[in-house]
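Everything below concerns the one structure shown next.
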Number of protein chains: 2
Amino acid sequence: MARAATTSDVFNAIAEPQRREILVLLRAGERPVTDVARELGIAQPRASKHLRVLREVGLVRDRKAGKQRLYCLDARGLRPVHEWTGGFERFWNEAFDRLDAYVQDLKQARQEE
Amino acid sequence: MARAATTSDVFNAIAEPQRREILVLLRAGERPVTDVARELGIAQPRASKHLRVLREVGLVRDRKAGKQRLYCLDARGLRPVHEWTGGFERFWNEAFDRLDAYVQDLKQARQEE
DNA sequence: TTGACGCATTCCGATATAGGCATATGATGG
DNA sequence: CCATCATATGCCTATATCGGAATGCGTCAA
């Protein structure tokens, strides 16, 4: 089996750097596809594809505006990711890590005696 | 080009659900590969491979303990993810979203007139 | 109606990945 | 040194991407 589909999975959707760039860009407000493509320096079909993935996982919404289609951020889907990583907050505490490294060294040393 | 390598990229590493499970499991303390495999209900080679990816992006460390190899969490790499998503915190505020949806509706309605 | 513009989609090729299975490697005990 | 347990790796297949180029489709203006 290959990797899980990006569709319907926010973790996969934001695994792609350019999609993260798009989300950051859209924080400044809604934009048409062409603008997104130009600001990221990528081809328009590519921007459309990324935006489609983001739309399918619910991270952006789109709205027709004449000839254009404006995309805007809907960051609610990022909340679960934030909370999931937040569950590890106490583990990346610097002091904790230093202590942990110390314990590691102790164990390693004891075992190498 | 295919998708970016999972290696050396935390966002990609945690895009895989089972790897996230492993990280959660390791919060309870270090474990040998076999335990990880058993607790996730997967084959041992699979667990080893996932652990390897996690090790290569720095999310776990390993330590030899006799015949076993104990893996332990090193969650520091999750901090950037937490902070990145945190940059969208104000956008998933419920009230904000409600207002936004309202504005959306207004625009949509105006355009459909 | 015809162009022109903005965007989505499709077809294609290259590649990375996940998983399974078999097997190699490593360490331990006898 | 050998048998055994614990892990890591290599090989293989199926599949899901990403990216590019061409093209389809809808909308607006003249």
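Quick note on naming: the chains in the structure tokens go A, B, ... in the order shown, residues restart at 1 in each chain, and ligands are numbered from 1 in order of appearance.
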
- Item | Exercise: Val33 (chain A) partners within 8 Å, only C-alpha atoms (C1' of nucleotides), chain neighbours under 3 positions left out, as a ChimeraX atom specification | /A:36-37,44,47-48,68-71 /C:7

Do me a favour and pick out the residues of chain C within 10 Å of chain A, using only C-alpha atoms (C1' of nucleotides), as a PDB file with N, CA and C atoms (P, O5', C5', C4', C3', O3' and C1' of nucleotides), in the first residue's frame.
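What landed in iface-v8.pdb:
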```
ATOM      1  P    DC C   5      -6.127  38.471 -22.658  1.00  0.00           P
ATOM      2  O5'  DC C   5      -6.659  38.049 -21.225  1.00  0.00           O
ATOM      3  C5'  DC C   5      -7.675  38.834 -20.602  1.00  0.00           C
ATOM      4  C4'  DC C   5      -8.347  38.013 -19.527  1.00  0.00           C
ATOM      5  C3'  DC C   5      -7.355  37.297 -18.600  1.00  0.00           C
ATOM      6  O3'  DC C   5      -7.646  37.674 -17.266  1.00  0.00           O
ATOM      7  C1'  DC C   5      -9.065  35.825 -19.324  1.00  0.00           C
ATOM      8  P    DG C   6      -6.655  37.243 -16.109  1.00  0.00           P
ATOM      9  O5'  DG C   6      -7.481  36.057 -15.429  1.00  0.00           O
ATOM     10  C5'  DG C   6      -8.759  36.313 -14.887  1.00  0.00           C
ATOM     11  C4'  DG C   6      -9.254  35.080 -14.182  1.00  0.00           C
ATOM     12  C3'  DG C   6      -8.175  34.374 -13.341  1.00  0.00           C
ATOM     13  O3'  DG C   6      -8.760  33.976 -12.114  1.00  0.00           O
ATOM     14  C1'  DG C   6      -9.036  32.876 -14.962  1.00  0.00           C
ATOM     15  P    DC C   7      -7.891  33.323 -10.990  1.00  0.00           P
ATOM     16  O5'  DC C   7      -8.261  31.809 -11.242  1.00  0.00           O
ATOM     17  C5'  DC C   7      -9.642  31.451 -11.244  1.00  0.00           C
ATOM     18  C4'  DC C   7      -9.824  30.031 -11.715  1.00  0.00           C
ATOM     19  C3'  DC C   7      -9.002  28.989 -10.977  1.00  0.00           C
ATOM     20  O3'  DC C   7      -9.910  28.182 -10.236  1.00  0.00           O
ATOM     21  C1'  DC C   7      -9.085  28.586 -13.328  1.00  0.00           C
ATOM     22  P    DA C   8      -9.397  26.923  -9.464  1.00  0.00           P
ATOM     23  O5'  DA C   8      -9.848  25.738 -10.429  1.00  0.00           O
ATOM     24  C5'  DA C   8     -11.188  25.685 -10.894  1.00  0.00           C
ATOM     25  C4'  DA C   8     -11.425  24.433 -11.709  1.00  0.00           C
ATOM     26  C3'  DA C   8     -10.927  23.146 -11.061  1.00  0.00           C
ATOM     27  O3'  DA C   8     -11.892  22.128 -11.279  1.00  0.00           O
ATOM     28  C1'  DA C   8      -9.831  23.470 -13.146  1.00  0.00           C
ATOM     29  P    DT C   9     -11.656  20.692 -10.659  1.00  0.00           P
ATOM     30  O5'  DT C   9     -11.157  19.895 -11.935  1.00  0.00           O
ATOM     31  C5'  DT C   9     -11.693  20.235 -13.200  1.00  0.00           C
ATOM     32  C4'  DT C   9     -11.096  19.361 -14.281  1.00  0.00           C
ATOM     33  C3'  DT C   9     -10.597  17.999 -13.803  1.00  0.00           C
ATOM     34  O3'  DT C   9     -11.025  17.026 -14.739  1.00  0.00           O
ATOM     35  C1'  DT C   9      -8.879  19.123 -14.960  1.00  0.00           C
ATOM     36  P    DA C  16      12.907   9.373  -5.161  1.00  0.00           P
ATOM     37  O5'  DA C  16      12.056   9.442  -3.822  1.00  0.00           O
ATOM     38  C5'  DA C  16      11.095  10.483  -3.661  1.00  0.00           C
ATOM     39  C4'  DA C  16       9.979   9.994  -2.789  1.00  0.00           C
ATOM     40  C3'  DA C  16      10.467   9.144  -1.616  1.00  0.00           C
ATOM     41  O3'  DA C  16       9.804   9.576  -0.448  1.00  0.00           O
ATOM     42  C1'  DA C  16       8.868   7.931  -2.902  1.00  0.00           C
ATOM     43  P    DT C  17      10.191   8.981   0.931  1.00  0.00           P
ATOM     44  O5'  DT C  17       8.982   7.984   1.165  1.00  0.00           O
ATOM     45  C5'  DT C  17       7.682   8.504   0.967  1.00  0.00           C
ATOM     46  C4'  DT C  17       6.655   7.417   1.091  1.00  0.00           C
ATOM     47  C3'  DT C  17       6.974   6.431   2.210  1.00  0.00           C
ATOM     48  O3'  DT C  17       5.899   6.429   3.120  1.00  0.00           O
ATOM     49  C1'  DT C  17       6.387   5.321   0.197  1.00  0.00           C
ATOM     50  P    DA C  18       6.086   5.778   4.532  1.00  0.00           P
ATOM     51  O5'  DA C  18       4.967   4.644   4.516  1.00  0.00           O
ATOM     52  C5'  DA C  18       3.701   4.921   3.943  1.00  0.00           C
ATOM     53  C4'  DA C  18       2.977   3.622   3.723  1.00  0.00           C
ATOM     54  C3'  DA C  18       3.180   2.620   4.854  1.00  0.00           C
ATOM     55  O3'  DA C  18       1.955   1.970   5.135  1.00  0.00           O
ATOM     56  C1'  DA C  18       3.945   1.693   2.809  1.00  0.00           C
ATOM     57  P    DG C  19       1.786   1.217   6.485  1.00  0.00           P
ATOM     58  O5'  DG C  19       1.701  -0.304   6.017  1.00  0.00           O
ATOM     59  C5'  DG C  19       1.988  -0.586   4.673  1.00  0.00           C
ATOM     60  C4'  DG C  19       1.721  -2.020   4.347  1.00  0.00           C
ATOM     61  C3'  DG C  19       2.103  -2.995   5.465  1.00  0.00           C
ATOM     62  O3'  DG C  19       1.295  -4.166   5.402  1.00  0.00           O
ATOM     63  C1'  DG C  19       3.631  -3.174   3.648  1.00  0.00           C
ATOM     64  P    DG C  20       1.553  -5.341   6.396  1.00  0.00           P
ATOM     65  O5'  DG C  20       2.255  -6.409   5.428  1.00  0.00           O
ATOM     66  C5'  DG C  20       1.657  -6.712   4.166  1.00  0.00           C
ATOM     67  C4'  DG C  20       2.373  -7.865   3.500  1.00  0.00           C
ATOM     68  C3'  DG C  20       2.854  -8.939   4.483  1.00  0.00           C
ATOM     69  O3'  DG C  20       2.695 -10.232   3.895  1.00  0.00           O
ATOM     70  C1'  DG C  20       4.718  -7.974   3.368  1.00  0.00           C
TER      71       DG C  20
END
```

- What residues in chain B have any atom no more than 7 Å from chain A when counting only C-alpha atoms, and can you write them as a PyMOL selection string? chain B and resi 11-12+15+75-76+78+82+85-86+88+91-92

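The smallest atom-to-atom distance between DA21 (chain D) and any of A:Ala43, A:Leu25, A:Leu54, A:Val60, using only C-alpha atoms (C1' of nucleotides), is found for A:Ala43.
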
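Counting only C-alpha atoms (C1' of nucleotides), every residue of chain D that comes within 8 Å of chain B is listed here: DC5, DA6, DT7, DA8, DT17, DC18 and DG19 of chain D.
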
Using N, CA and C atoms (P, O5', C5', C4', C3', O3' and C1' of nucleotides), can you export the residues from the last selection as a tab-separated table (two decimals), in the first residue's frame?
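Full text of selection-v8.tsv as output:
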```
chain	number	residue	atom	x	y	z
D	5	DC	P	13.84	-18.52	21.24
D	5	DC	O5'	13.80	-16.97	21.58
D	5	DC	C5'	14.38	-16.51	22.79
D	5	DC	C4'	14.90	-15.09	22.60
D	5	DC	C3'	13.85	-14.13	22.03
D	5	DC	O3'	13.85	-12.94	22.81
D	5	DC	C1'	15.84	-14.01	20.77
D	6	DA	P	12.73	-11.84	22.47
D	6	DA	O5'	13.61	-10.74	21.71
D	6	DA	C5'	14.71	-10.15	22.37
D	6	DA	C4'	15.21	-8.97	21.56
D	6	DA	C3'	14.10	-8.09	20.96
D	6	DA	O3'	14.53	-6.74	20.99
D	6	DA	C1'	15.43	-8.98	19.22
D	7	DT	P	13.50	-5.58	20.65
D	7	DT	O5'	14.15	-4.97	19.35
D	7	DT	C5'	14.75	-5.80	18.42
D	7	DT	C4'	15.73	-5.04	17.56
D	7	DT	C3'	15.07	-4.03	16.63
D	7	DT	O3'	15.96	-2.95	16.38
D	7	DT	C1'	15.94	-5.86	15.40
D	8	DA	P	15.57	-1.82	15.35
D	8	DA	O5'	16.38	-2.25	14.04
D	8	DA	C5'	17.75	-2.56	14.16
D	8	DA	C4'	18.33	-2.90	12.80
D	8	DA	C3'	17.95	-1.93	11.67
D	8	DA	O3'	19.09	-1.77	10.84
D	8	DA	C1'	17.21	-4.12	11.13
D	17	DT	P	-2.49	10.77	-2.09
D	17	DT	O5'	-2.17	11.31	-3.50
D	17	DT	C5'	-1.43	12.34	-3.72
D	17	DT	C4'	0.06	12.31	-3.50
D	17	DT	C3'	0.56	13.57	-4.15
D	17	DT	O3'	1.12	14.43	-3.18
D	17	DT	C1'	1.69	11.63	-5.02
D	18	DC	P	0.87	16.01	-3.55
D	18	DC	O5'	2.15	16.39	-4.43
D	18	DC	C5'	3.44	15.98	-4.00
D	18	DC	C4'	4.41	16.29	-5.11
D	18	DC	C3'	4.11	17.63	-5.78
D	18	DC	O3'	5.32	18.32	-6.00
D	18	DC	C1'	4.06	15.88	-7.39
D	19	DG	P	5.18	19.88	-6.35
D	19	DG	O5'	5.51	19.88	-7.91
D	19	DG	C5'	6.49	19.00	-8.37
D	19	DG	C4'	6.63	19.08	-9.87
D	19	DG	C3'	6.06	20.36	-10.48
D	19	DG	O3'	6.97	20.87	-11.44
D	19	DG	C1'	5.02	18.45	-11.44
```

- Task: Measure the distance from CA of His50 (chain A) to CA of Leu26 (chain A) in Å and round it to one decimal.
- Result: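 Atom-to-atom, CA of His50 (chain A) to CA of Leu26 (chain A), that is 13.0 Å.
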
- Message: Give me the residues near DC11 (chain C) as a list in words, where near means some atom within 12 Å (using only C-alpha atoms (C1' of nucleotides)) and where sequence neighbours in that chain fewer than 5 positions away do not count.
- Response: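 Contacts, in chain order: DG20, DA21, DA22 and DT23 of chain D.
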